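One structure below.
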Amino acid sequence: MQQDYENGRQAHVIAGPGCMARLPELRRQQGAERYLLITDAGLEASGMLAPYLAELEQDAEVIRFIAPAGEPSVATVDQAAQMVRELDAPLVLGIGGGTALDIAKLVAALAASPGKMETYLLGRSPWVGKAPAVMIPTTSGTGSEVTRTSILADGTGRKLWAWGDELLPEAVLLDPELTRSLPAALTAATGLDAFVHALEATTGRNRNHLIESQALAAIRLIGASLSEAVHAPANLEARQQMQEAACLAGMAIDNGGTGIAHNIGHALGSLYHLPHGVAVALAVEASLAWSIEGHEAIFDPSAHALMPGSSADALPGLFTELADASAFDQALVPFLDLEMDAATLAEVMQAEENAPMANNAARIPEEDDWQPLAELTVATFQRRRQRLLDTRTTTEGAVA
């Protein structure tokens with residue numbers, strides 16, 4: 001564990017049912033004259049935001065940018081940046097899941113930084129300013145609302161990243177009312193994403209006691225609340241605890257970084273376009289026993305946080321139990337026809353953009369580890385997919 005370290009600035013967080021009502025106050029504090037709302041096509045089509053936006057429009061003009069479905073892309077960010085640069089004194093609002101939030105953070109930075117998004121990928125150039133921004137998550141997983149990192153795809157589909165203090169918003173609103181309509185499969189996948197964030201931050205090479213305090217608290221909240229949030233979606237207490245867990249885990253990875261599950265998860269996203277939460281959940285289930293081997297003391301606190309009295313050797317089983325109790329398999333339904341290739345996956349895991357994650361892991365892969373890790377990942381996906389198919393067959397047989 002690091003003895004000398006420095007943690008970055010963290011965003012102002014406002015939490016609780018109804019806290020969306022604080023937006024006019026925040027706009028005035030930032031000296032903004034209008035809102036630029038960035039959300040995704042699915043959330044816009046749902047109509048869930050309509051009553052909130054009707055109230056917001058009583059305060060100031062609301063200009064909308066609707067991101068297309070799927071992962072954020074360089075082209076989408078450039079399109080939104082052109083819009084924000086034409087506005088006078090905007091407050092950028094990111095409302096949605098990781099896609100909307102990642103785009104909104106980048107657009108706020110591009111409002112004052114010249115050039116196209118490509119200029120800033122992989123930290124190639126520093127940002128030179130930003131517009132004020134407020135992030136409002138409608139899922140409980142990515143933690144993007146409180147991180148200085150955004151993930152997006154280039155024109156070839158590669159998942160890349162951008163980083164900088166300018167991506168940190170001026171405020172974050174955690175309103176559990178906005179997560180009540182989140183489907184069960186998305187609640188499970190995003191909740192497991194938050195767990196992976198917390199686990200990798202508190203076991204990675206950059207871990208310190210401040211990171212541990214946030215990450216282990218997140219793990220405790222997820223263990224206590226994820227299944228309830230999935231199976232009783234109207235339970236606002238569970239929903240708020242999951243929002244808090246995702247936020248804490250996001251703060252933890254902002255300073256601690258991620259590890260091998262994110263390395264594998266980003267490769268899965270690039271190759272097969274799996275949603276981020278699904279990809280990293282599969283990846284951590286596949287790689288966790290390998291990661292723990294020889295590093296048990298590092299993983300003991302996480303095991304205890306998830307199940308008091310447990311040690312590292314129980315952690316892989318505990319994660320599988322958490323995923324099963326949260327009905328995670330349902331998140332794989334859109335991918336029943338997907339076929340993965342372990343050799344190709346192993347190759348992409350070693351790509352430049354994925355190296356920082358592997359190099360921060362408690363156990364760093366050696367040359368002979370990449371192919372076995374890829375094979376474990378493919379086998380984990382196949383096992384869960386087959387179980388889902390078997391369940392469907394049994395159900396259909398019973399109905400017939």
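Residue numbering restarts at 1 for every chain of the structure tokens, chains are lettered A, B, ... in their displayed order, and ligands are numbered from 1 as they appear.
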What are the nearest atom pairs, with distances in Å to one decimal, for all residues of stretch 254-344 of chain A that come at most 10 Å from stretch 185-203 of chain A, using only C-alpha atoms, set out by chain and rising residue number as a tab-separated table?
```
residue	atom	partner	partner_atom	distance
A:Asp254	CA	A:Ala201	CA	8.5
A:Asn255	CA	A:Ala201	CA	7.9
A:Gly256	CA	A:Ala201	CA	4.8
A:Gly257	CA	A:Ala201	CA	5.6
A:Thr258	CA	A:Glu200	CA	5.1
A:Gly259	CA	A:Glu200	CA	5.5
A:Ile260	CA	A:Glu200	CA	8.1
A:Ala261	CA	A:Val196	CA	7.6
A:His262	CA	A:Val196	CA	8.3
A:Pro275	CA	A:Ala189	CA	8.6
A:His276	CA	A:Asp193	CA	7.5
A:Gly277	CA	A:Asp193	CA	4.7
A:Val278	CA	A:Ala189	CA	5.4
A:Ala279	CA	A:Asp193	CA	8.7
A:Val280	CA	A:Asp193	CA	6.4
A:Ala281	CA	A:Leu192	CA	6.0
A:Leu282	CA	A:Leu192	CA	9.6
A:Ala283	CA	A:Val196	CA	9.4
A:Val284	CA	A:Val196	CA	7.0
A:Glu285	CA	A:Val196	CA	9.8
A:Ser291	CA	A:Thr203	CA	9.8
A:Ile292	CA	A:Thr203	CA	9.7
A:His295	CA	A:Thr203	CA	9.2
A:Ala297	CA	A:Thr203	CA	9.6
A:Ile298	CA	A:Thr203	CA	5.8
A:Phe299	CA	A:Thr203	CA	6.4
A:Asp300	CA	A:Thr203	CA	9.6
A:Pro301	CA	A:Thr202	CA	8.7
A:Ser302	CA	A:Leu199	CA	6.6
A:Ala303	CA	A:Leu199	CA	9.4
A:Leu306	CA	A:Phe195	CA	9.7
A:Phe319	CA	A:Leu192	CA	8.9
A:Leu322	CA	A:Leu192	CA	8.4
A:Ala323	CA	A:Leu192	CA	7.2
A:Asp324	CA	A:Ala188	CA	9.5
A:Ala325	CA	A:Ala188	CA	9.2
A:Ser326	CA	A:Ala188	CA	5.5
A:Ala327	CA	A:Ala188	CA	6.8
A:Phe328	CA	A:Ala188	CA	5.5
A:Asp329	CA	A:Ala185	CA	7.9
A:Gln330	CA	A:Ala185	CA	5.5
A:Ala331	CA	A:Ala185	CA	4.8
A:Leu332	CA	A:Ala185	CA	8.5
A:Val333	CA	A:Ala185	CA	9.3
```
Show me, as a tab-separated table, the residues of stretch 89-175 of chain A having an atom within 10 Å of stretch 338-359 of chain A, each with the closest atom pair and its distance in Å, using only C-alpha atoms.
```
residue	atom	partner	partner_atom	distance
A:Leu121	CA	A:Glu353	CA	9.9
A:Leu122	CA	A:Glu353	CA	7.3
A:Arg158	CA	A:Glu353	CA	8.7
A:Lys159	CA	A:Glu353	CA	7.8
A:Leu160	CA	A:Glu353	CA	6.1
A:Trp161	CA	A:Glu353	CA	7.7
```
Now that the selection is made, can you save its residues with N, CA and C atoms as a PDB file, in the first residue's frame?
```pdb
ATOM      1  N   LEU A 121      -7.694  12.241 -26.661  1.00  0.00           N
ATOM      2  CA  LEU A 121      -7.755  10.819 -26.349  1.00  0.00           C
ATOM      3  C   LEU A 121      -6.440  10.332 -25.738  1.00  0.00           C
ATOM      4  N   LEU A 122      -6.539   9.431 -24.767  1.00  0.00           N
ATOM      5  CA  LEU A 122      -5.389   8.823 -24.102  1.00  0.00           C
ATOM      6  C   LEU A 122      -4.448   9.874 -23.512  1.00  0.00           C
ATOM      7  N   ARG A 158     -12.788   0.903 -31.121  1.00  0.00           N
ATOM      8  CA  ARG A 158     -11.903   0.690 -29.958  1.00  0.00           C
ATOM      9  C   ARG A 158     -12.366   1.535 -28.780  1.00  0.00           C
ATOM     10  N   LYS A 159     -12.410   0.928 -27.593  1.00  0.00           N
ATOM     11  CA  LYS A 159     -12.766   1.675 -26.388  1.00  0.00           C
ATOM     12  C   LYS A 159     -11.521   2.387 -25.873  1.00  0.00           C
ATOM     13  N   LEU A 160     -11.578   3.710 -25.841  1.00  0.00           N
ATOM     14  CA  LEU A 160     -10.461   4.542 -25.415  1.00  0.00           C
ATOM     15  C   LEU A 160     -10.903   5.381 -24.226  1.00  0.00           C
ATOM     16  N   TRP A 161      -9.992   6.216 -23.734  1.00  0.00           N
ATOM     17  CA  TRP A 161     -10.320   7.033 -22.571  1.00  0.00           C
ATOM     18  C   TRP A 161      -9.714   8.421 -22.706  1.00  0.00           C
TER      19      TRP A 161
END
```
Item to check | Surrounding residues of A:Thr139 excluding itself and chain neighbours under 6 positions, 7 Å, only C-alpha atoms, as a VMD selection string | outcome: chain A and resid 96 to 97 179 190
For the selection just defined, write its residues with N, CA and C atoms to a file, as a compact mmCIF listing (two decimals), in the first residue's frame.
```txt
# COMPACT_ATOMS: atom_id res chain seq x y z
N GLY A 96 -28.47 10.58 -17.02
CA GLY A 96 -28.58 9.25 -17.61
C GLY A 96 -27.58 8.29 -17.02
N GLY A 97 -27.26 7.26 -17.78
CA GLY A 97 -26.25 6.31 -17.38
C GLY A 97 -24.87 6.77 -17.80
N THR A 179 -34.02 6.40 -10.42
CA THR A 179 -33.57 5.03 -10.70
C THR A 179 -34.67 3.99 -10.51
N THR A 190 -25.37 -2.86 -13.63
CA THR A 190 -24.70 -1.62 -13.19
C THR A 190 -24.26 -1.74 -11.73
```
Requested in this report: Find the spatial neighbours of A:Thr138, counting only C-alpha atoms, within a cut-off of 12 Å - ignore same-chain residues fewer than 6 positions away - and output them as number ranges by chain.
Outcome: A: 20, 39-40, 42-43, 48-49, 94-101, 144-145, 172-183, 186-187, 190, 239-240, 242-243, 246-247
Item to check | Long-range neighbours of A:Met83 as a list in words, 10 Å cut-off, only C-alpha atoms, 5 positions minimum in chain | outcome: Leu36, Ile63, Arg64, Phe65, Val77, Asp78, Val107 and Ala111 of chain A
Which residues are close to A:Gly155, i.e. within 8 Å by only C-alpha atoms, leaving aside same-chain residues fewer than 6 positions away? Reply as a list of chain:residue names. A:Ser73, A:Val74, A:Ala75
Resulting file, chosen residues, N, CA, C and O atoms, as a PDB file, in the first residue's frame:
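Contents of the output file again_11.pdb:
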```pdb
ATOM      1  N   SER A  73     -19.276   7.807 -28.461  1.00  0.00           N
ATOM      2  CA  SER A  73     -18.274   7.768 -29.531  1.00  0.00           C
ATOM      3  C   SER A  73     -17.638   9.136 -29.715  1.00  0.00           C
ATOM      4  O   SER A  73     -18.203  10.171 -29.316  1.00  0.00           O
ATOM      5  N   VAL A  74     -16.486   9.128 -30.341  1.00  0.00           N
ATOM      6  CA  VAL A  74     -15.791  10.376 -30.656  1.00  0.00           C
ATOM      7  C   VAL A  74     -16.674  11.267 -31.520  1.00  0.00           C
ATOM      8  O   VAL A  74     -16.769  12.483 -31.307  1.00  0.00           O
ATOM      9  N   ALA A  75     -17.345  10.679 -32.507  1.00  0.00           N
ATOM     10  CA  ALA A  75     -18.180  11.470 -33.414  1.00  0.00           C
ATOM     11  C   ALA A  75     -19.333  12.138 -32.665  1.00  0.00           C
ATOM     12  O   ALA A  75     -19.656  13.315 -32.920  1.00  0.00           O
TER      13      ALA A  75
END
```
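Between atom CA of A:Ala60 and atom CA of A:Pro114 the interatomic distance comes to 27.0 Å.
Between atom CA of A:Ala374 and atom CA of A:Ile264 lies a distance of 7.7 Å.
Minimum atom-to-atom distances from A:Thr147, A:Gln30, A:Thr76, A:Thr142 to A:Lys105 were compared using only C-alpha atoms, and the lowest value belongs to A:Thr147.
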DSSP-assigned strand (DSSP E or B) among stretch 57-165 of chain A, expressed as a PDB file with C-alpha atoms, in the first residue's frame:
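Output below, filename part_1.pdb:
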```pdb
ATOM      1  CA  VAL A  62     -33.262  24.062 -21.747  1.00  0.00           C
ATOM      2  CA  ILE A  63     -31.459  22.996 -24.925  1.00  0.00           C
ATOM      3  CA  ARG A  64     -31.296  19.251 -25.540  1.00  0.00           C
ATOM      4  CA  PHE A  65     -28.693  16.997 -27.086  1.00  0.00           C
ATOM      5  CA  ILE A  66     -29.878  13.395 -27.401  1.00  0.00           C
ATOM      6  CA  ALA A  67     -27.040  10.890 -27.729  1.00  0.00           C
ATOM      7  CA  SER A  73     -18.274   7.768 -29.531  1.00  0.00           C
ATOM      8  CA  PRO A  90     -24.387  27.236 -20.518  1.00  0.00           C
ATOM      9  CA  LEU A  91     -24.635  24.863 -17.576  1.00  0.00           C
ATOM     10  CA  VAL A  92     -24.022  21.374 -18.963  1.00  0.00           C
ATOM     11  CA  LEU A  93     -26.367  18.767 -17.475  1.00  0.00           C
ATOM     12  CA  GLY A  94     -25.565  15.099 -17.906  1.00  0.00           C
ATOM     13  CA  ILE A  95     -28.612  12.998 -17.041  1.00  0.00           C
ATOM     14  CA  GLY A  96     -28.583   9.251 -17.612  1.00  0.00           C
ATOM     15  CA  ALA A 133     -21.394  20.982 -15.321  1.00  0.00           C
ATOM     16  CA  VAL A 134     -23.760  18.993 -13.115  1.00  0.00           C
ATOM     17  CA  MET A 135     -24.020  15.211 -13.388  1.00  0.00           C
ATOM     18  CA  ILE A 136     -27.228  13.339 -12.497  1.00  0.00           C
ATOM     19  CA  PRO A 137     -26.992   9.532 -12.765  1.00  0.00           C
ATOM     20  CA  THR A 149     -12.200   9.930 -16.718  1.00  0.00           C
ATOM     21  CA  SER A 150     -14.541   9.340 -19.649  1.00  0.00           C
ATOM     22  CA  ILE A 151     -14.672   6.246 -21.852  1.00  0.00           C
ATOM     23  CA  LEU A 152     -15.592   6.439 -25.530  1.00  0.00           C
ATOM     24  CA  ALA A 153     -15.076   4.600 -28.805  1.00  0.00           C
ATOM     25  CA  LYS A 159     -12.766   1.675 -26.388  1.00  0.00           C
ATOM     26  CA  LEU A 160     -10.461   4.542 -25.415  1.00  0.00           C
ATOM     27  CA  TRP A 161     -10.320   7.033 -22.571  1.00  0.00           C
ATOM     28  CA  ALA A 162      -9.757  10.689 -21.828  1.00  0.00           C
ATOM     29  CA  TRP A 163      -8.686  12.087 -18.471  1.00  0.00           C
TER      30      TRP A 163
END
```
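Minimum atom-to-atom distances from A:Ile38, A:Ala249, A:Ala50, A:Leu389 to A:Ala215 were compared using only C-alpha atoms, and the lowest value belongs to A:Ala249.
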Checklist line | Test item, alpha helix (DSSP H) assignment across stretch 277-368 of chain A, answer as JSON, numbers by chain | finding: {"A": [277, 278, 279, 280, 281, 282, 283, 284, 285, 286, 287, 288, 289, 290, 291, 292, 296, 297, 298, 299, 300, 301, 302, 303, 304, 305, 306, 315, 316, 317, 318, 319, 320, 321, 322, 323, 324, 325, 342, 343, 344, 345, 346, 347, 348, 349, 355, 356, 357, 358, 359]}
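Here atom CA of A:Leu373 and atom CA of A:Gly141 stand 24.2 Å from one another.
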Of A:Ala171, A:Gly129, A:Tyr5, A:Arg385, the one sitting nearest A:Arg22 when using only C-alpha atoms is A:Ala171
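The environment of A:Pro316 within 7 Å, counting only C-alpha atoms and disregarding residues fewer than 4 places along the same chain, consists of Glu285, Leu288, Ala289 and Thr320 of chain A.
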